[in-house]
Amino acid sequence: MDTASAATSTTAIVPAKNHYVVLDGLRGVASLMVVAFHLFEPFSQGDATKQIINHGYLAVDFFFMLSGFVIAYAYDERWNRMTQWEFYKRRLIRLQPMVIMGSLIGAALFYFQTGPAFPLIAGTPVWKMLLVMVVGCTLLPLPISMDIRGWQEMHPLDGPAWSLFFEYIANILYAVGLRKLSKTALSIFVFLAALLLVQLVVFGDRGDVIGGWSLDATQLHIGFARLLFPFFAGILLCRLGARIQLKSAFGVASLLLIVALSLPRFGGTDHHWMNGVYEALCVIVVFPLVVAVGAGEKRVDGLSIRVARFFGDLSFPLYITHYPLIYIYTGWVVRSNPTGAQGIVPALLVAVAAIAIAYASLKLYDEPVRRWLSKKFLQQTV
């Protein structure tokens with residue numbers, strides 16, 4: 001794989017090094033679950049016990065673990081011939097083009113989302129929206145005072161971009177020093193990060209990991225608790241050689257992931273800690289198992305591998321571009337109060353449109369742009 005091809009693969013790994021297609025596919029499955037979760041979410045009216053695909057938000061924590069695994073596999077052995085700046089360039093080329101696209105799509109659809117669900121949109125002047133768009137293209141987080149929607153998001157044009165902000169922080173932490181940790185030291189760090197996660201979900205007020213998208217102390221606490229364990233546990237899994245070889249690995253791992261994200265909330269409204277225990281077990285036990293199963297698949301061809309490759313290619317564009325459509329859909333649900341049956345056809349149309357936009361963005365923009373940037377800015381010998 002040449003440098004340009006490596007930069008346009010879903011993992012952007014070193015040339016001549018096979019990458020884990022099933023892990024790519026699992027990222028795609030998780031992205032589809034995120035879209036489904038967001039389509040069901042408006043009907044819960046803020047009641048977590050009514051949410052269908054109840055734990056769909058845990059897909060973000062799964063993304064962090066996959067990213068840690070992939071980063072370790074792609075870059076751990078390259079630091080003797082690669083500078084930090086070269087690493088940062090590769091990560092920017094891999095992620096930033098679609099971050100920009102997500103912000104542009106969010107700006108283009110912003111005023112179509114006006115309604116009671118988003119009280120600040122109607123009073124937001126165009127210049128302010130465009131300023132937010134430009135800042136969104138850089139992925140710098142906006143303070144709550146710059147909110148233009150009413151949800152206090154650090155990226156109010158494209159909400160899911162908050163997780164990319166934390167992804168960049170994890171990449172920086174890895175590059176500046178944590179990559180040098182021995183397996184023992186990294187294991188201790190991961191254990192402490194697990195305690196931080198358990199403290200949040202089991203002993204916190206909510207009993208879940210929901211949050212991380214606002215620039216205040218509470219939300220930053222949630223964001224870092226969600227980031228540190230899965231990302232660095234993914235690195236540790238890779239370094240420990242965690243691989244489980246199973247027949248039909250993609251199907252088995254996908255089923256485990258879908259079930260984990262779909263189970264109803266535990267403990268109702270009175271026993272939040274029960275749901276916290278479940279979510280901690282998902283992130284600390286189930287997700288590493290799913291990653292190990294996905295990493296154990298050695299095949300490079302076959303129907304399941306081709307399906308995994310397709311969904312892997314689509315995963316990031318779908319995740320980062322679908323939410324402006326969800327804003328419109330959410331606004332319609334809040335405004336019209338449809339029944340679940342009445343929402344099925346519009347939800348399917350949104351899902352199809354989101355997939356179409358993601359695929360078009362991938363083929364017509366993301367891959368060509370990354371290929372050009374790779375040829376222009378990356379060292380050909382790394």
# chains A, B, ... in the order shown; residues from 1 in each chain; ligands from 1
>>> residues_around(residues="Val135 of chain A", least_positions_apart="6", cutoff="12 Å", atoms="only C-alpha atoms", output="list of chain:residue names")
A:Val99, A:Ile100, A:Ser103, A:Leu104, A:Ala107, A:Lys128, A:Met129, A:Pro141, A:Leu142, A:Pro143, A:Met146, A:Met154, A:His155, A:Pro156, A:Leu157, A:Asp158, A:Ala161
>>> write_last_selection(atoms="N, CA and C atoms", output="PDB file, in the first residue's frame")
ATOM      1  N   VAL A  99     -14.282  16.411   9.009  1.00  0.00           N
ATOM      2  CA  VAL A  99     -14.693  17.362  10.048  1.00  0.00           C
ATOM      3  C   VAL A  99     -15.171  18.650   9.384  1.00  0.00           C
ATOM      4  N   ILE A 100     -14.419  19.114   8.387  1.00  0.00           N
ATOM      5  CA  ILE A 100     -14.805  20.321   7.651  1.00  0.00           C
ATOM      6  C   ILE A 100     -16.129  20.106   6.930  1.00  0.00           C
ATOM      7  N   SER A 103     -19.073  20.325   9.269  1.00  0.00           N
ATOM      8  CA  SER A 103     -19.386  21.703   9.647  1.00  0.00           C
ATOM      9  C   SER A 103     -20.092  22.436   8.508  1.00  0.00           C
ATOM     10  N   LEU A 104     -19.663  22.209   7.276  1.00  0.00           N
ATOM     11  CA  LEU A 104     -20.291  22.858   6.122  1.00  0.00           C
ATOM     12  C   LEU A 104     -21.728  22.389   5.936  1.00  0.00           C
ATOM     13  N   ALA A 107     -23.887  23.933   8.557  1.00  0.00           N
ATOM     14  CA  ALA A 107     -24.214  25.328   8.262  1.00  0.00           C
ATOM     15  C   ALA A 107     -25.277  25.432   7.175  1.00  0.00           C
ATOM     16  N   LYS A 128     -22.965  35.240  12.616  1.00  0.00           N
ATOM     17  CA  LYS A 128     -22.576  34.452  13.783  1.00  0.00           C
ATOM     18  C   LYS A 128     -22.557  32.966  13.445  1.00  0.00           C
ATOM     19  N   MET A 129     -23.548  32.530  12.676  1.00  0.00           N
ATOM     20  CA  MET A 129     -23.570  31.138  12.241  1.00  0.00           C
ATOM     21  C   MET A 129     -22.340  30.807  11.404  1.00  0.00           C
ATOM     22  N   PRO A 141     -13.150  23.845  20.246  1.00  0.00           N
ATOM     23  CA  PRO A 141     -14.448  23.850  20.926  1.00  0.00           C
ATOM     24  C   PRO A 141     -14.931  25.261  21.216  1.00  0.00           C
ATOM     25  N   LEU A 142     -16.226  25.461  21.083  1.00  0.00           N
ATOM     26  CA  LEU A 142     -16.822  26.754  21.369  1.00  0.00           C
ATOM     27  C   LEU A 142     -17.303  26.808  22.813  1.00  0.00           C
ATOM     28  N   PRO A 143     -17.132  27.950  23.482  1.00  0.00           N
ATOM     29  CA  PRO A 143     -17.686  28.089  24.834  1.00  0.00           C
ATOM     30  C   PRO A 143     -19.205  28.147  24.783  1.00  0.00           C
ATOM     31  N   MET A 146     -21.121  30.939  23.116  1.00  0.00           N
ATOM     32  CA  MET A 146     -21.248  31.009  21.660  1.00  0.00           C
ATOM     33  C   MET A 146     -22.292  30.037  21.122  1.00  0.00           C
ATOM     34  N   MET A 154     -20.387  22.150  22.162  1.00  0.00           N
ATOM     35  CA  MET A 154     -19.140  22.796  21.758  1.00  0.00           C
ATOM     36  C   MET A 154     -19.029  22.892  20.241  1.00  0.00           C
ATOM     37  N   HIS A 155     -19.865  22.115  19.524  1.00  0.00           N
ATOM     38  CA  HIS A 155     -19.925  22.198  18.060  1.00  0.00           C
ATOM     39  C   HIS A 155     -21.397  22.199  17.657  1.00  0.00           C
ATOM     40  N   PRO A 156     -22.071  23.341  17.777  1.00  0.00           N
ATOM     41  CA  PRO A 156     -23.527  23.374  17.615  1.00  0.00           C
ATOM     42  C   PRO A 156     -24.029  23.162  16.198  1.00  0.00           C
ATOM     43  N   LEU A 157     -23.163  23.187  15.198  1.00  0.00           N
ATOM     44  CA  LEU A 157     -23.600  22.874  13.836  1.00  0.00           C
ATOM     45  C   LEU A 157     -23.513  21.381  13.544  1.00  0.00           C
ATOM     46  N   ASP A 158     -22.696  20.672  14.291  1.00  0.00           N
ATOM     47  CA  ASP A 158     -22.484  19.244  14.050  1.00  0.00           C
ATOM     48  C   ASP A 158     -22.105  18.584  15.377  1.00  0.00           C
ATOM     49  N   ALA A 161     -19.166  16.122  16.518  1.00  0.00           N
ATOM     50  CA  ALA A 161     -17.760  16.528  16.405  1.00  0.00           C
ATOM     51  C   ALA A 161     -17.082  16.623  17.766  1.00  0.00           C
TER      52      ALA A 161
END
>>> closest_atom_pairs(of="segment 251-289 of chain A", to="segment 229-246 of chain A", cutoff="8 Å", atoms="only C-alpha atoms", output="tab-separated table")
residue	atom	partner	partner_atom	distance
A:Val283	CA	A:Pro230	CA	6.9
A:Ile284	CA	A:Pro230	CA	7.6
A:Pro288	CA	A:Leu237	CA	7.4
>>> closest_atom_pairs(of="segment 209-291 of chain A", to="segment 185-202 of chain A", cutoff="9 Å", atoms="only C-alpha atoms", output="JSON lines")
{"residue": "A:Val209", "atom": "CA", "partner": "A:Val201", "partner_atom": "CA", "distance": 6.0}
{"residue": "A:His221", "atom": "CA", "partner": "A:Leu200", "partner_atom": "CA", "distance": 8.6}
{"residue": "A:Ile222", "atom": "CA", "partner": "A:Leu200", "partner_atom": "CA", "distance": 7.2}
{"residue": "A:Phe224", "atom": "CA", "partner": "A:Leu197", "partner_atom": "CA", "distance": 8.9}
{"residue": "A:Ala225", "atom": "CA", "partner": "A:Leu197", "partner_atom": "CA", "distance": 5.1}
{"residue": "A:Arg226", "atom": "CA", "partner": "A:Leu197", "partner_atom": "CA", "distance": 6.6}
{"residue": "A:Leu227", "atom": "CA", "partner": "A:Ala193", "partner_atom": "CA", "distance": 8.9}
{"residue": "A:Leu228", "atom": "CA", "partner": "A:Ala193", "partner_atom": "CA", "distance": 5.8}
{"residue": "A:Phe229", "atom": "CA", "partner": "A:Ala193", "partner_atom": "CA", "distance": 4.8}
{"residue": "A:Pro230", "atom": "CA", "partner": "A:Val190", "partner_atom": "CA", "distance": 8.3}
{"residue": "A:Phe232", "atom": "CA", "partner": "A:Val190", "partner_atom": "CA", "distance": 6.3}
{"residue": "A:Ala233", "atom": "CA", "partner": "A:Val190", "partner_atom": "CA", "distance": 5.9}
{"residue": "A:Ile235", "atom": "CA", "partner": "A:Leu186", "partner_atom": "CA", "distance": 8.7}
{"residue": "A:Leu236", "atom": "CA", "partner": "A:Leu186", "partner_atom": "CA", "distance": 6.9}
{"residue": "A:His272", "atom": "CA", "partner": "A:Val202", "partner_atom": "CA", "distance": 7.5}
{"residue": "A:Trp273", "atom": "CA", "partner": "A:Val202", "partner_atom": "CA", "distance": 4.7}
{"residue": "A:Met274", "atom": "CA", "partner": "A:Val202", "partner_atom": "CA", "distance": 7.4}
{"residue": "A:Asn275", "atom": "CA", "partner": "A:Val202", "partner_atom": "CA", "distance": 7.7}
{"residue": "A:Gly276", "atom": "CA", "partner": "A:Val201", "partner_atom": "CA", "distance": 4.4}
{"residue": "A:Val277", "atom": "CA", "partner": "A:Val202", "partner_atom": "CA", "distance": 5.7}
{"residue": "A:Tyr278", "atom": "CA", "partner": "A:Val202", "partner_atom": "CA", "distance": 8.9}
{"residue": "A:Glu279", "atom": "CA", "partner": "A:Val201", "partner_atom": "CA", "distance": 7.2}
{"residue": "A:Ala280", "atom": "CA", "partner": "A:Val198", "partner_atom": "CA", "distance": 6.1}
{"residue": "A:Ile284", "atom": "CA", "partner": "A:Ala194", "partner_atom": "CA", "distance": 7.2}
>>> atom_distance(atom1="atom CA of Val21 of chain A", atom2="atom CA of Ile52 of chain A")
29.0 Å
>>> atom_distance(atom1="atom CA of Lys183 of chain A", atom2="atom CA of Leu164 of chain A")
26.2 Å
>>> residues_around(residues="segment 40-50 of chain A", least_positions_apart="2", cutoff="8 Å", atoms="only C-alpha atoms", output="PyMOL selection string")
chain A and resi 36-38+52-54+264-265+268-269+330+333-334+340
>>> residues_around(residues="Val176 of chain A", least_positions_apart="3", cutoff="12 Å", atoms="only C-alpha atoms", output="list of chain:residue names")
A:Trp79, A:Thr83, A:Gln84, A:Trp85, A:Phe87, A:Tyr88, A:Ile169, A:Ala170, A:Asn171, A:Ile172, A:Leu173, A:Arg179, A:Lys180, A:Leu181
>>> write_last_selection(atoms="N, CA and C atoms", output="PDB file, in the first residue's frame")
ATOM      1  N   TRP A  79       8.145   5.088  15.328  1.00  0.00           N
ATOM      2  CA  TRP A  79       8.635   6.332  15.910  1.00  0.00           C
ATOM      3  C   TRP A  79      10.133   6.531  15.734  1.00  0.00           C
ATOM      4  N   THR A  83       8.600  11.741  12.900  1.00  0.00           N
ATOM      5  CA  THR A  83       8.524  12.802  13.905  1.00  0.00           C
ATOM      6  C   THR A  83       7.080  12.939  14.407  1.00  0.00           C
ATOM      7  N   GLN A  84       6.948  13.666  15.514  1.00  0.00           N
ATOM      8  CA  GLN A  84       5.596  13.944  16.003  1.00  0.00           C
ATOM      9  C   GLN A  84       4.787  14.714  14.965  1.00  0.00           C
ATOM     10  N   TRP A  85       5.415  15.661  14.316  1.00  0.00           N
ATOM     11  CA  TRP A  85       4.694  16.457  13.320  1.00  0.00           C
ATOM     12  C   TRP A  85       4.211  15.582  12.176  1.00  0.00           C
ATOM     13  N   PHE A  87       3.359  12.479  12.431  1.00  0.00           N
ATOM     14  CA  PHE A  87       2.200  11.772  12.990  1.00  0.00           C
ATOM     15  C   PHE A  87       0.968  12.669  12.971  1.00  0.00           C
ATOM     16  N   TYR A  88       1.138  13.901  13.430  1.00  0.00           N
ATOM     17  CA  TYR A  88      -0.005  14.819  13.463  1.00  0.00           C
ATOM     18  C   TYR A  88      -0.547  15.085  12.054  1.00  0.00           C
ATOM     19  N   ILE A 169      -7.297  14.966  21.283  1.00  0.00           N
ATOM     20  CA  ILE A 169      -6.581  15.040  22.553  1.00  0.00           C
ATOM     21  C   ILE A 169      -5.883  13.709  22.840  1.00  0.00           C
ATOM     22  N   ALA A 170      -6.566  12.603  22.606  1.00  0.00           N
ATOM     23  CA  ALA A 170      -5.964  11.289  22.837  1.00  0.00           C
ATOM     24  C   ALA A 170      -4.752  11.073  21.938  1.00  0.00           C
ATOM     25  N   ASN A 171      -4.860  11.491  20.680  1.00  0.00           N
ATOM     26  CA  ASN A 171      -3.728  11.363  19.767  1.00  0.00           C
ATOM     27  C   ASN A 171      -2.536  12.173  20.246  1.00  0.00           C
ATOM     28  N   ILE A 172      -2.788  13.373  20.759  1.00  0.00           N
ATOM     29  CA  ILE A 172      -1.700  14.208  21.269  1.00  0.00           C
ATOM     30  C   ILE A 172      -1.065  13.573  22.493  1.00  0.00           C
ATOM     31  N   LEU A 173      -1.883  13.084  23.429  1.00  0.00           N
ATOM     32  CA  LEU A 173      -1.350  12.421  24.621  1.00  0.00           C
ATOM     33  C   LEU A 173      -0.479  11.230  24.245  1.00  0.00           C
ATOM     34  N   ARG A 179       2.899   6.974  24.539  1.00  0.00           N
ATOM     35  CA  ARG A 179       3.324   5.879  23.671  1.00  0.00           C
ATOM     36  C   ARG A 179       4.576   5.198  24.198  1.00  0.00           C
ATOM     37  N   LYS A 180       5.339   5.900  25.029  1.00  0.00           N
ATOM     38  CA  LYS A 180       6.592   5.360  25.549  1.00  0.00           C
ATOM     39  C   LYS A 180       6.399   4.462  26.773  1.00  0.00           C
ATOM     40  N   LEU A 181       5.175   4.400  27.299  1.00  0.00           N
ATOM     41  CA  LEU A 181       4.941   3.598  28.488  1.00  0.00           C
ATOM     42  C   LEU A 181       5.170   2.116  28.202  1.00  0.00           C
TER      43      LEU A 181
END
>>> select_by_dssp(residues="segment 204-380 of chain A", states="helix (DSSP H, G or I)", output="NGL selection string")
:A and (217-239 or 249-262 or 272-295 or 303-321 or 323-336 or 344-377)
>>> residues_around(residues="Ala59 of chain A", least_positions_apart="2", cutoff="10 Å", atoms="only C-alpha atoms", output="PyMOL selection string")
chain A and resi 27+29-34+37+55-57+61-65+257-258+260-261+283+287
>>> closest_residue(among="A:Ile71, A:Val345, A:Leu178, A:Cys282", to="Arg94 of chain A", atoms="only C-alpha atoms")
A:Ile71
>>> closest_residue(among="A:Leu109, A:Ala122, A:Leu373, A:Ala354", to="Ser315 of chain A", atoms="only C-alpha atoms")
A:Ala354
>>> residues_around(residues="Val70 of chain A", least_positions_apart="3", cutoff="10 Å", atoms="only C-alpha atoms", output="PDB file with N, CA and C atoms, in the first residue's frame")
ATOM      1  N   THR A  10      -9.396   3.316   5.960  1.00  0.00           N
ATOM      2  CA  THR A  10     -10.090   3.729   7.175  1.00  0.00           C
ATOM      3  C   THR A  10      -9.170   3.747   8.372  1.00  0.00           C
ATOM      4  N   THR A  11      -8.052   3.056   8.310  1.00  0.00           N
ATOM      5  CA  THR A  11      -7.141   3.044   9.435  1.00  0.00           C
ATOM      6  C   THR A  11      -5.877   3.838   9.184  1.00  0.00           C
ATOM      7  N   ALA A  12      -5.613   4.205   7.948  1.00  0.00           N
ATOM      8  CA  ALA A  12      -4.437   5.013   7.605  1.00  0.00           C
ATOM      9  C   ALA A  12      -3.177   4.423   8.198  1.00  0.00           C
ATOM     10  N   ILE A  13      -2.940   3.153   7.936  1.00  0.00           N
ATOM     11  CA  ILE A  13      -1.824   2.477   8.568  1.00  0.00           C
ATOM     12  C   ILE A  13      -0.623   2.457   7.653  1.00  0.00           C
ATOM     13  N   HIS A  19      -4.265  -4.273   7.277  1.00  0.00           N
ATOM     14  CA  HIS A  19      -5.068  -3.710   8.341  1.00  0.00           C
ATOM     15  C   HIS A  19      -6.277  -4.596   8.602  1.00  0.00           C
ATOM     16  N   TYR A  20      -6.923  -4.337   9.717  1.00  0.00           N
ATOM     17  CA  TYR A  20      -7.992  -5.203  10.192  1.00  0.00           C
ATOM     18  C   TYR A  20      -9.317  -4.765   9.591  1.00  0.00           C
ATOM     19  N   LEU A  23     -12.386  -4.930  11.938  1.00  0.00           N
ATOM     20  CA  LEU A  23     -12.475  -3.799  12.855  1.00  0.00           C
ATOM     21  C   LEU A  23     -13.049  -2.577  12.152  1.00  0.00           C
ATOM     22  N   ASP A  24     -12.650  -2.363  10.909  1.00  0.00           N
ATOM     23  CA  ASP A  24     -13.252  -1.288  10.123  1.00  0.00           C
ATOM     24  C   ASP A  24     -14.760  -1.498  10.009  1.00  0.00           C
ATOM     25  N   PHE A  64     -13.636   4.987  20.467  1.00  0.00           N
ATOM     26  CA  PHE A  64     -12.381   5.338  21.131  1.00  0.00           C
ATOM     27  C   PHE A  64     -11.478   4.104  21.284  1.00  0.00           C
ATOM     28  N   MET A  65     -12.073   2.977  21.646  1.00  0.00           N
ATOM     29  CA  MET A  65     -11.260   1.766  21.816  1.00  0.00           C
ATOM     30  C   MET A  65     -10.700   1.287  20.488  1.00  0.00           C
ATOM     31  N   LEU A  66     -11.518   1.290  19.451  1.00  0.00           N
ATOM     32  CA  LEU A  66     -11.019   0.919  18.127  1.00  0.00           C
ATOM     33  C   LEU A  66      -9.882   1.842  17.700  1.00  0.00           C
ATOM     34  N   SER A  67     -10.034   3.130  17.943  1.00  0.00           N
ATOM     35  CA  SER A  67      -9.005   4.083  17.545  1.00  0.00           C
ATOM     36  C   SER A  67      -7.695   3.812  18.264  1.00  0.00           C
ATOM     37  N   TYR A  73      -1.354  -0.174  16.473  1.00  0.00           N
ATOM     38  CA  TYR A  73      -0.950  -1.075  15.393  1.00  0.00           C
ATOM     39  C   TYR A  73      -0.264  -0.322  14.260  1.00  0.00           C
ATOM     40  N   ALA A  74      -0.773   0.861  13.967  1.00  0.00           N
ATOM     41  CA  ALA A  74      -0.260   1.604  12.824  1.00  0.00           C
ATOM     42  C   ALA A  74       1.052   2.327  13.109  1.00  0.00           C
ATOM     43  N   TYR A  75       1.226   2.789  14.362  1.00  0.00           N
ATOM     44  CA  TYR A  75       2.314   3.731  14.605  1.00  0.00           C
ATOM     45  C   TYR A  75       3.327   3.328  15.662  1.00  0.00           C
ATOM     46  N   ASP A  76       3.022   2.355  16.513  1.00  0.00           N
ATOM     47  CA  ASP A  76       3.948   2.020  17.602  1.00  0.00           C
ATOM     48  C   ASP A  76       5.368   1.724  17.112  1.00  0.00           C
ATOM     49  N   PHE A 231      -9.634   4.372  24.903  1.00  0.00           N
ATOM     50  CA  PHE A 231      -8.573   4.647  23.938  1.00  0.00           C
ATOM     51  C   PHE A 231      -7.278   3.935  24.337  1.00  0.00           C
ATOM     52  N   GLY A 234      -7.466   0.205  24.211  1.00  0.00           N
ATOM     53  CA  GLY A 234      -7.279  -0.271  22.850  1.00  0.00           C
ATOM     54  C   GLY A 234      -5.810  -0.417  22.497  1.00  0.00           C
ATOM     55  N   ILE A 235      -5.004   0.558  22.906  1.00  0.00           N
ATOM     56  CA  ILE A 235      -3.557   0.463  22.693  1.00  0.00           C
ATOM     57  C   ILE A 235      -2.990  -0.747  23.419  1.00  0.00           C
ATOM     58  N   CYS A 238      -3.792  -4.062  21.710  1.00  0.00           N
ATOM     59  CA  CYS A 238      -2.931  -4.298  20.552  1.00  0.00           C
ATOM     60  C   CYS A 238      -1.555  -4.776  20.981  1.00  0.00           C
TER      61      CYS A 238
END
>>> closest_residue(among="A:Leu39, A:Cys137, A:Leu58, A:Ile328", to="Leu281 of chain A", atoms="only C-alpha atoms")
A:Leu58
>>> closest_residue(among="A:His271, A:Thr184, A:Pro338, A:Pro368", to="Asp208 of chain A", atoms="only C-alpha atoms")
A:His271
>>> atom_distance(atom1="atom CA of Met82 of chain A", atom2="atom CA of Gln379 of chain A")
9.0 Å
>>> residues_around(residues="Ile355 of chain A", least_positions_apart="6", cutoff="10 Å", atoms="only C-alpha atoms", output="short mmCIF file (atom, residue, chain, number, x, y, z; two decimals) with N, CA, C and O atoms, in the first residue's frame")
data_model
loop_
_atom_site.label_atom_id
_atom_site.label_comp_id
_atom_site.auth_asym_id
_atom_site.auth_seq_id
_atom_site.Cartn_x
_atom_site.Cartn_y
_atom_site.Cartn_z
N LEU A 32 -23.90 2.91 12.18
CA LEU A 32 -25.31 2.70 11.85
C LEU A 32 -26.17 2.67 13.11
O LEU A 32 -27.29 3.18 13.12
N VAL A 35 -26.81 6.22 14.22
CA VAL A 35 -27.87 6.85 13.44
C VAL A 35 -29.24 6.37 13.93
O VAL A 35 -30.16 7.18 14.14
N LEU A 314 -17.51 3.58 4.97
CA LEU A 314 -18.62 4.51 5.15
C LEU A 314 -18.70 5.07 6.57
O LEU A 314 -19.33 6.11 6.81
N SER A 315 -18.06 4.42 7.53
CA SER A 315 -18.32 4.66 8.95
C SER A 315 -18.07 6.11 9.37
O SER A 315 -18.96 6.75 9.95
N PRO A 317 -17.50 8.99 7.53
CA PRO A 317 -18.36 9.98 6.87
C PRO A 317 -19.80 9.94 7.39
O PRO A 317 -20.42 11.00 7.55
N LEU A 318 -20.34 8.76 7.65
CA LEU A 318 -21.71 8.67 8.15
C LEU A 318 -21.83 9.27 9.54
O LEU A 318 -22.75 10.04 9.82
N TYR A 319 -20.89 8.94 10.39
CA TYR A 319 -20.94 9.44 11.77
C TYR A 319 -20.86 10.97 11.82
O TYR A 319 -21.60 11.62 12.57
N THR A 321 -21.44 13.28 9.42
CA THR A 321 -22.31 14.11 8.58
C THR A 321 -23.80 13.88 8.84
O THR A 321 -24.62 14.65 8.33
N HIS A 322 -24.19 12.87 9.61
CA HIS A 322 -25.61 12.55 9.71
C HIS A 322 -26.39 13.48 10.63
O HIS A 322 -27.60 13.64 10.46
N LEU A 349 -36.41 7.71 5.54
CA LEU A 349 -35.93 8.67 4.54
C LEU A 349 -34.68 9.39 5.05
O LEU A 349 -33.73 9.61 4.28
N SER A 361 -19.98 12.00 0.02
CA SER A 361 -18.87 12.73 0.63
C SER A 361 -17.59 11.92 0.59
O SER A 361 -16.51 12.47 0.34
#
